[in-house]
Amino acid sequence: MQRIAITDKAAAIVRQLQEKYGELIFHQSGGCCDGSSPMIFEKGEMYLDESDTHLGKIENVDFYMNQDQFEYWKHTHLTIDITEGRGSSFSLEIPLGLRFIVISRLLTEDENTFFNSSQKS
Amino acid sequence: MSYSKPKFKEQYNNFINGKFVAPIGGAYFENTSPVDNSLIAKYPRSQKEDVESAVNAANAAKDSWGNTSAAERAALLNKVADIIEENLEEFALVETCDNGKPIRETLNADIPLAVDHWRYFAACIRAEEGSATELDANTLSMNIKEPLGVVGQIIPWNFPLLMLSWKLPPALATGNCVVLKPAEQTPSSATLLMEKIADVFPPGVLNVVHGFGPEAGKPLASSSKIDKVAFTGETTTGQLIMQYASKNLNPVTMELGGKSPNVFFNSVMDEDDAFLDKAIEGAVLFAFNQGEVCTCPSRLLVQEDIYDAFIARVIERTNAIVQDNPYDTNTMLGAQASNDQYEKIQSYLKIGVEEGAKVLAGGEANKLGGEFANGFYIKPTILEGHNKMRVFQEEIFGPVVCVTKFKDEAEAIEIANDTLYGLGAGVWTRDAHQLYQIPRAIKAGRVWVNCYHAYPAHAPFGGYKKSGFGRENHVMMMNYYRQTKNMLISYDKNKLGFF
């Protein structure tokens, strides 16, 4: 069972970025302007520690979110998609004229029991 | 009255060392208008080398600029203010075209406010003094303020010229040189300003470099040749910029958004008068600037005994919002700034409904016909739910308000503070005790009391919690751009006697 998924279109872009940059990570942003968007960076670019929750792996890329933010998100399932757009963050897909976005749905009852009552994150 | 899309050149350049220069790599990107998704112009897709060139120009200029008199710097700031004011309509049109906001906001809010921030800091730098203290009969401690040197500023797209005018004046007034990167979604008004003020400052004092975050923003934020970074944006980029700054042991200021509560106590409905009318408008201000405001009052908290009557009035006023041609002065709500904002907002409307929120108004995109068919319009939306829903916790940055009710003061404070952020808040009441006590209990840097969305110069603005730190729009911002030089002077002719 997974908390996160990725669309084929978004996965193709991730693979394209992996060819150029090597190992990558996703970090979910919060706050204004370009916030609430998943951002992709070279592995090691961003300092991560126990305050970042690991949500899973998509297309061989680890996906993280700040723990405080995760508390408000943990009842939802996330699918990473891609759209045309121009974000002003440091996320690596921006120069392609594309932008990762997150599509959310509520966890099913089974998923919710699996993830949120057994202390798994 | 209706305007039309302003004219642009085919291509623009960076402004470095007092001149417009092409990006070294020769690459440009196309900038489009969210009003109708039409092309505006091409702007430089700058790389590290362009940023370095701007940073070098700023470093070369910093010593002489830092030694100019306060009178001289203030005069130049006032000159910029005059130039913007003389061309107010032109700036307003360019801003509406690039950002999508209605012309009546750019004519009456964005541009006049921008003018005032330049004048405010021109006045501040003339009026302030350093300090001196006699520590004892023979020892004087003297504090002299000195500029940091070169400052990198990265600004957002929601109020392009206004955010530029929050950031540049305090840095320039205090004698710093600046390299500014506008958001790539909205490079136009910063470019227009550089064209109008190209000769105002000595070469190198003010530099503007366009481009994308990973290619131009990161080299600026991580440059070892700058002395400070000021950023407005979101949390992940904020953390990265702080990381880069930590490598250089540079100070930073951050404004990172919020999820601001707007709290209405039952006394607002004691009378059906002008104040109630103002309060209803205050609740509907979530739609101001299409909700693309860091302090958007996006959580509406209403006391339960007036809830039904109050919300009925808010729905009525929301449904009366005119969303149409942004160039028409009757239009109240324009286009979202970009396609990805447009899609993000719609994804939030969907998850909101899935989580059980009830749509009281709007709830979908607004398909305008004709020439605006390709623009990015969202209907002003009211969602009713509870504070644990994601739409109550995340900055949607759209014309979307989430409404819930509270029982008493304690519950109002609890809900208001149940958020990761603490930038803005609103409190509305006729009760004199609540007027003071509730704002004090809310953990936010700006609490509007019986008003909302006012941003005058001379009132400090900044965040608590994950909304960042630093206080803009106020004389205190100048100290975020300065060092304190302490001269400790002895007038004693006698030795210490140790050696």
# chains A, B, ... in the order shown; residues from 1 in each chain; ligands from 1
>>> closest_atom_pairs(of="chain A", to="chain B", cutoff="10 Å", atoms="only C-alpha atoms", output="Markdown table")
| residue | atom | partner | partner_atom | distance |
| --- | --- | --- | --- | --- |
| A:His27 | CA | B:Thr236 | CA | 7.3 |
| A:Gln28 | CA | B:Thr236 | CA | 7.3 |
| A:Ser29 | CA | B:Thr236 | CA | 5.0 |
| A:Gly30 | CA | B:Thr235 | CA | 5.4 |
| A:Gly31 | CA | B:Glu234 | CA | 4.7 |
| A:Cys32 | CA | B:Gly257 | CA | 4.3 |
| A:Cys33 | CA | B:Gly233 | CA | 5.6 |
| A:Asp34 | CA | B:Glu234 | CA | 6.1 |
| A:Gly35 | CA | B:Glu234 | CA | 4.9 |
| A:Ser36 | CA | B:Glu394 | CA | 6.9 |
| A:Ser37 | CA | B:Lys344 | CA | 8.3 |
| A:Pro38 | CA | B:Thr236 | CA | 9.3 |
| A:Met39 | CA | B:Thr236 | CA | 8.0 |
| A:Phe41 | CA | B:Pro214 | CA | 9.3 |
| A:Glu45 | CA | B:Leu240 | CA | 8.0 |
| A:Met46 | CA | B:Leu240 | CA | 6.3 |
| A:Tyr47 | CA | B:Gln243 | CA | 7.6 |
| A:Met65 | CA | B:Thr236 | CA | 9.5 |
| A:Asn66 | CA | B:Thr236 | CA | 9.2 |
| A:Asp68 | CA | B:Leu420 | CA | 7.3 |
| A:Gln69 | CA | B:Leu420 | CA | 7.4 |
| A:Glu71 | CA | B:Lys388 | CA | 9.7 |
| A:Tyr72 | CA | B:Arg390 | CA | 6.4 |
| A:Trp73 | CA | B:Arg390 | CA | 6.6 |
| A:Lys74 | CA | B:Arg390 | CA | 9.8 |
| A:His75 | CA | B:Arg390 | CA | 9.4 |
| A:Thr76 | CA | B:Ile351 | CA | 8.9 |
| A:Ile82 | CA | B:Asp340 | CA | 9.2 |
| A:Thr83 | CA | B:Asp340 | CA | 6.5 |
| A:Glu84 | CA | B:Asp340 | CA | 6.5 |
| A:Gly85 | CA | B:Asp340 | CA | 4.9 |
| A:Arg86 | CA | B:Gln185 | CA | 6.3 |
| A:Gly87 | CA | B:Gln185 | CA | 7.3 |
| A:Ser88 | CA | B:Gly213 | CA | 5.5 |
| A:Ser89 | CA | B:Gly213 | CA | 5.2 |
| A:Phe90 | CA | B:Pro214 | CA | 4.2 |
| A:Ser91 | CA | B:Pro214 | CA | 6.3 |
| A:Leu92 | CA | B:Pro214 | CA | 6.2 |
| A:Glu93 | CA | B:Pro214 | CA | 8.9 |
| A:Ile94 | CA | B:Phe212 | CA | 6.9 |
| A:Pro95 | CA | B:Phe212 | CA | 6.2 |
| A:Leu96 | CA | B:Phe212 | CA | 9.9 |
| A:Gly97 | CA | B:Phe29 | CA | 9.2 |
| A:Leu98 | CA | B:Asp340 | CA | 8.6 |
| A:Arg99 | CA | B:Asp340 | CA | 7.0 |
| A:Phe100 | CA | B:Asp340 | CA | 8.8 |
| A:Ile101 | CA | B:Lys344 | CA | 6.9 |
| A:Val102 | CA | B:Lys344 | CA | 7.8 |
| A:Ile103 | CA | B:Ser347 | CA | 6.1 |
| A:Ser104 | CA | B:Ile351 | CA | 6.1 |
| A:Arg105 | CA | B:Ile351 | CA | 6.0 |
| A:Leu106 | CA | B:Glu355 | CA | 6.9 |
>>> select_by_dssp(residues="chain A", states="alpha helix (DSSP H)", output="list in words")
Asp8, Lys9, Ala10, Ala11, Ala12, Ile13, Val14, Arg15, Gln16, Leu17, Gln18, Glu19, Lys20, Tyr21, Gln67, Asp68, Gln69, Phe70, Glu71, Tyr72, Trp73, Glu109, Asp110, Glu111, Asn112, Thr113, Phe114, Phe115 and Asn116 of chain A
>>> residues_around(residues="Asn138 in chain B", least_positions_apart="6", cutoff="7 Å", atoms="only C-alpha atoms", output="MDAnalysis selection string")
chainID B and resid 490:492
>>> select_by_dssp(residues="range 4-77 of chain A", states="strand (DSSP E or B)", output="count of residues only")
29
>>> atom_distance(atom1="CA of Thr174 in chain B", atom2="CA of Pro147 in chain B")
5.8 Å
>>> residues_around(residues="Tyr120 in chain B", least_positions_apart="3", cutoff="10 Å", atoms="only C-alpha atoms", output="list in words")
Ala74, Leu77, Asn78, Ala81, Val115, Asp116, His117, Ala123, Cys124, Ile125, Pro169, Pro170, Pro456, Ala457, His458, Asn473, His474 and Val475 of chain B
>>> write_last_selection(atoms="N, CA and C atoms", output="mmCIF file, in the first residue's frame")
data_model
loop_
_atom_site.group_PDB
_atom_site.id
_atom_site.type_symbol
_atom_site.label_atom_id
_atom_site.label_comp_id
_atom_site.auth_asym_id
_atom_site.auth_seq_id
_atom_site.Cartn_x
_atom_site.Cartn_y
_atom_site.Cartn_z
ATOM 1 N N ALA B 74 18.214 59.815 -0.202
ATOM 2 C CA ALA B 74 16.781 60.113 -0.051
ATOM 3 C C ALA B 74 16.253 60.840 -1.288
ATOM 4 N N LEU B 77 15.648 58.298 -3.987
ATOM 5 C CA LEU B 77 14.447 57.500 -3.713
ATOM 6 C C LEU B 77 13.184 58.297 -4.044
ATOM 7 N N ASN B 78 13.199 59.560 -3.677
ATOM 8 C CA ASN B 78 12.038 60.410 -3.985
ATOM 9 C C ASN B 78 11.864 60.578 -5.492
ATOM 10 N N ALA B 81 10.092 57.607 -6.766
ATOM 11 C CA ALA B 81 8.669 57.719 -6.421
ATOM 12 C C ALA B 81 7.955 58.636 -7.405
ATOM 13 N N VAL B 115 4.570 53.764 -4.747
ATOM 14 C CA VAL B 115 5.113 55.132 -4.698
ATOM 15 C C VAL B 115 5.378 55.529 -3.249
ATOM 16 N N ASP B 116 4.414 55.249 -2.387
ATOM 17 C CA ASP B 116 4.529 55.699 -0.998
ATOM 18 C C ASP B 116 5.658 55.005 -0.240
ATOM 19 N N HIS B 117 5.930 53.739 -0.560
ATOM 20 C CA HIS B 117 7.026 53.048 0.139
ATOM 21 C C HIS B 117 8.383 53.666 -0.185
ATOM 22 N N ALA B 123 12.139 59.378 3.649
ATOM 23 C CA ALA B 123 11.945 60.180 4.865
ATOM 24 C C ALA B 123 12.658 59.550 6.064
ATOM 25 N N CYS B 124 12.571 58.237 6.180
ATOM 26 C CA CYS B 124 13.172 57.544 7.331
ATOM 27 C C CYS B 124 14.672 57.812 7.433
ATOM 28 N N ILE B 125 15.342 57.700 6.289
ATOM 29 C CA ILE B 125 16.807 57.787 6.345
ATOM 30 C C ILE B 125 17.253 59.207 6.682
ATOM 31 N N PRO B 169 13.564 49.974 -1.450
ATOM 32 C CA PRO B 169 13.837 51.238 -0.751
ATOM 33 C C PRO B 169 14.602 51.102 0.574
ATOM 34 N N PRO B 170 14.243 50.171 1.474
ATOM 35 C CA PRO B 170 15.036 50.116 2.714
ATOM 36 C C PRO B 170 16.483 49.706 2.471
ATOM 37 N N PRO B 456 -0.214 49.977 4.831
ATOM 38 C CA PRO B 456 0.452 51.275 4.742
ATOM 39 C C PRO B 456 1.922 51.180 5.152
ATOM 40 N N ALA B 457 2.750 52.013 4.517
ATOM 41 C CA ALA B 457 4.101 52.189 5.027
ATOM 42 C C ALA B 457 3.976 52.753 6.437
ATOM 43 N N HIS B 458 4.928 52.405 7.309
ATOM 44 C CA HIS B 458 4.974 52.892 8.697
ATOM 45 C C HIS B 458 4.263 51.941 9.666
ATOM 46 N N ASN B 473 8.195 47.294 5.581
ATOM 47 C CA ASN B 473 7.307 48.468 5.507
ATOM 48 C C ASN B 473 7.473 49.428 6.666
ATOM 49 N N HIS B 474 8.559 49.297 7.412
ATOM 50 C CA HIS B 474 8.721 50.105 8.609
ATOM 51 C C HIS B 474 10.189 50.468 8.772
ATOM 52 N N VAL B 475 10.425 51.556 9.465
ATOM 53 C CA VAL B 475 11.798 52.022 9.706
ATOM 54 C C VAL B 475 12.671 50.895 10.269
#
>>> residues_around(residues="range 287-289 of chain B", least_positions_apart="6", cutoff="8 Å", atoms="only C-alpha atoms", output="count of residues only")
11
>>> residues_around(residues="range 11-26 of chain A", least_positions_apart="3", cutoff="7 Å", atoms="only C-alpha atoms", output="list in words")
Ile6, Thr7, Asp8, Pro38, Met39, Ile40, Phe41, Glu42, Lys43, Glu59, Val61, Asp62, Phe63 and Tyr64 of chain A
>>> write_last_selection(atoms="C-alpha atoms", output="PDB file, in the first residue's frame")
ATOM      1  CA  ILE A   6       2.857   9.387  -9.850  1.00  0.00           C
ATOM      2  CA  THR A   7       1.202   9.748 -13.243  1.00  0.00           C
ATOM      3  CA  ASP A   8       2.937   8.379 -16.365  1.00  0.00           C
ATOM      4  CA  PRO A  38       5.966  19.283  -4.802  1.00  0.00           C
ATOM      5  CA  MET A  39       9.498  20.355  -5.661  1.00  0.00           C
ATOM      6  CA  ILE A  40      12.277  18.197  -7.039  1.00  0.00           C
ATOM      7  CA  PHE A  41      15.959  18.671  -6.205  1.00  0.00           C
ATOM      8  CA  GLU A  42      19.256  16.889  -6.557  1.00  0.00           C
ATOM      9  CA  LYS A  43      19.761  14.458  -3.697  1.00  0.00           C
ATOM     10  CA  GLU A  59       9.970   6.584  -9.838  1.00  0.00           C
ATOM     11  CA  VAL A  61      12.674   9.304  -5.953  1.00  0.00           C
ATOM     12  CA  ASP A  62      12.123   9.650  -2.192  1.00  0.00           C
ATOM     13  CA  PHE A  63       9.262  11.980  -1.304  1.00  0.00           C
ATOM     14  CA  TYR A  64       9.471  14.086   1.880  1.00  0.00           C
TER      15      TYR A  64
END
>>> residues_around(residues="Phe264 in chain B", least_positions_apart="2", cutoff="9 Å", atoms="only C-alpha atoms", output="MDAnalysis selection string")
chainID B and resid 262 266:268 279 283 300:303 426:429
>>> write_last_selection(atoms="all heavy atoms", output="mmCIF file, in the first residue's frame")
data_model
loop_
_atom_site.group_PDB
_atom_site.id
_atom_site.type_symbol
_atom_site.label_atom_id
_atom_site.label_comp_id
_atom_site.auth_asym_id
_atom_site.auth_seq_id
_atom_site.Cartn_x
_atom_site.Cartn_y
_atom_site.Cartn_z
ATOM 1 N N ASN B 262 -9.838 35.169 9.856
ATOM 2 C CA ASN B 262 -10.570 36.431 9.911
ATOM 3 C C ASN B 262 -11.773 36.159 10.820
ATOM 4 O O ASN B 262 -12.676 35.413 10.446
ATOM 5 C CB ASN B 262 -11.004 36.824 8.488
ATOM 6 C CG ASN B 262 -11.274 38.296 8.332
ATOM 7 O OD1 ASN B 262 -11.033 39.093 9.249
ATOM 8 N ND2 ASN B 262 -11.791 38.690 7.176
ATOM 9 N N ASN B 266 -20.021 38.039 17.607
ATOM 10 C CA ASN B 266 -21.453 38.271 17.392
ATOM 11 C C ASN B 266 -21.858 39.749 17.438
ATOM 12 O O ASN B 266 -22.814 40.157 16.787
ATOM 13 C CB ASN B 266 -22.309 37.421 18.348
ATOM 14 C CG ASN B 266 -21.905 37.605 19.797
ATOM 15 O OD1 ASN B 266 -21.190 38.558 20.132
ATOM 16 N ND2 ASN B 266 -22.363 36.695 20.662
ATOM 17 N N SER B 267 -21.075 40.577 18.142
ATOM 18 C CA SER B 267 -21.485 41.982 18.268
ATOM 19 C C SER B 267 -21.469 42.735 16.932
ATOM 20 O O SER B 267 -22.092 43.792 16.809
ATOM 21 C CB SER B 267 -20.594 42.714 19.274
ATOM 22 O OG SER B 267 -19.258 42.730 18.828
ATOM 23 N N VAL B 268 -20.774 42.185 15.918
ATOM 24 C CA VAL B 268 -20.780 42.904 14.630
ATOM 25 C C VAL B 268 -22.201 43.026 14.088
ATOM 26 O O VAL B 268 -22.516 43.962 13.352
ATOM 27 C CB VAL B 268 -19.866 42.270 13.540
ATOM 28 C CG1 VAL B 268 -18.415 42.291 13.937
ATOM 29 C CG2 VAL B 268 -20.306 40.881 13.162
ATOM 30 N N ALA B 279 -17.931 45.197 7.816
ATOM 31 C CA ALA B 279 -17.529 43.853 8.263
ATOM 32 C C ALA B 279 -17.813 42.805 7.179
ATOM 33 O O ALA B 279 -16.998 41.908 6.953
ATOM 34 C CB ALA B 279 -18.251 43.488 9.555
ATOM 35 N N ALA B 283 -15.121 40.371 5.277
ATOM 36 C CA ALA B 283 -15.141 38.916 5.095
ATOM 37 C C ALA B 283 -14.928 38.540 3.635
ATOM 38 O O ALA B 283 -14.340 37.500 3.329
ATOM 39 C CB ALA B 283 -16.464 38.347 5.599
ATOM 40 N N LEU B 300 -12.431 31.924 7.485
ATOM 41 C CA LEU B 300 -13.447 32.817 8.036
ATOM 42 C C LEU B 300 -14.066 32.140 9.258
ATOM 43 O O LEU B 300 -14.669 31.073 9.141
ATOM 44 C CB LEU B 300 -14.480 33.088 6.946
ATOM 45 C CG LEU B 300 -15.678 33.963 7.248
ATOM 46 C CD1 LEU B 300 -15.245 35.327 7.755
ATOM 47 C CD2 LEU B 300 -16.514 34.140 5.974
ATOM 48 N N LEU B 301 -13.871 32.760 10.425
ATOM 49 C CA LEU B 301 -14.376 32.199 11.683
ATOM 50 C C LEU B 301 -15.512 33.091 12.190
ATOM 51 O O LEU B 301 -15.292 34.279 12.438
ATOM 52 C CB LEU B 301 -13.251 32.160 12.732
ATOM 53 C CG LEU B 301 -12.230 31.022 12.705
ATOM 54 C CD1 LEU B 301 -11.670 30.738 11.330
ATOM 55 C CD2 LEU B 301 -11.098 31.308 13.684
ATOM 56 N N VAL B 302 -16.699 32.518 12.331
ATOM 57 C CA VAL B 302 -17.870 33.315 12.682
ATOM 58 C C VAL B 302 -18.525 32.726 13.933
ATOM 59 O O VAL B 302 -18.712 31.504 14.034
ATOM 60 C CB VAL B 302 -18.891 33.341 11.522
ATOM 61 C CG1 VAL B 302 -20.070 34.239 11.850
ATOM 62 C CG2 VAL B 302 -18.223 33.796 10.230
ATOM 63 N N GLN B 303 -18.880 33.605 14.877
ATOM 64 C CA GLN B 303 -19.510 33.133 16.123
ATOM 65 C C GLN B 303 -20.855 32.476 15.800
ATOM 66 O O GLN B 303 -21.623 32.972 14.965
ATOM 67 C CB GLN B 303 -19.687 34.292 17.103
ATOM 68 C CG GLN B 303 -19.911 33.800 18.517
ATOM 69 C CD GLN B 303 -19.453 34.788 19.583
ATOM 70 O OE1 GLN B 303 -19.175 35.964 19.302
ATOM 71 N NE2 GLN B 303 -19.370 34.306 20.809
ATOM 72 N N GLY B 426 -7.514 38.772 11.191
ATOM 73 C CA GLY B 426 -8.458 39.866 11.336
ATOM 74 C C GLY B 426 -9.366 39.599 12.524
ATOM 75 O O GLY B 426 -9.703 38.451 12.802
ATOM 76 N N VAL B 427 -9.689 40.647 13.270
ATOM 77 C CA VAL B 427 -10.629 40.513 14.384
ATOM 78 C C VAL B 427 -11.673 41.615 14.237
ATOM 79 O O VAL B 427 -11.326 42.794 14.097
ATOM 80 C CB VAL B 427 -9.909 40.642 15.747
ATOM 81 C CG1 VAL B 427 -10.925 40.667 16.884
ATOM 82 C CG2 VAL B 427 -8.922 39.498 15.947
ATOM 83 N N TRP B 428 -12.949 41.211 14.275
ATOM 84 C CA TRP B 428 -14.050 42.161 14.089
ATOM 85 C C TRP B 428 -15.001 42.060 15.274
ATOM 86 O O TRP B 428 -15.529 40.987 15.579
ATOM 87 C CB TRP B 428 -14.810 41.840 12.806
ATOM 88 C CG TRP B 428 -13.968 41.940 11.577
ATOM 89 C CD1 TRP B 428 -13.035 41.036 11.136
ATOM 90 C CD2 TRP B 428 -13.964 43.012 10.618
ATOM 91 N NE1 TRP B 428 -12.452 41.474 9.960
ATOM 92 C CE2 TRP B 428 -13.005 42.676 9.621
ATOM 93 C CE3 TRP B 428 -14.670 44.214 10.496
ATOM 94 C CZ2 TRP B 428 -12.750 43.507 8.520
ATOM 95 C CZ3 TRP B 428 -14.405 45.026 9.405
ATOM 96 C CH2 TRP B 428 -13.459 44.680 8.439
ATOM 97 N N THR B 429 -15.215 43.171 15.950
ATOM 98 C CA THR B 429 -16.089 43.174 17.120
ATOM 99 C C THR B 429 -16.436 44.608 17.494
ATOM 100 O O THR B 429 -15.724 45.549 17.115
ATOM 101 C CB THR B 429 -15.391 42.477 18.313
ATOM 102 O OG1 THR B 429 -16.214 42.567 19.457
ATOM 103 C CG2 THR B 429 -14.042 43.113 18.625
#
>>> atom_distance(atom1="CA of Phe91 in chain B", atom2="CA of Ala454 in chain B")
20.8 Å
>>> atom_distance(atom1="CA of Ala444 in chain B", atom2="CA of Thr318 in chain B")
26.2 Å
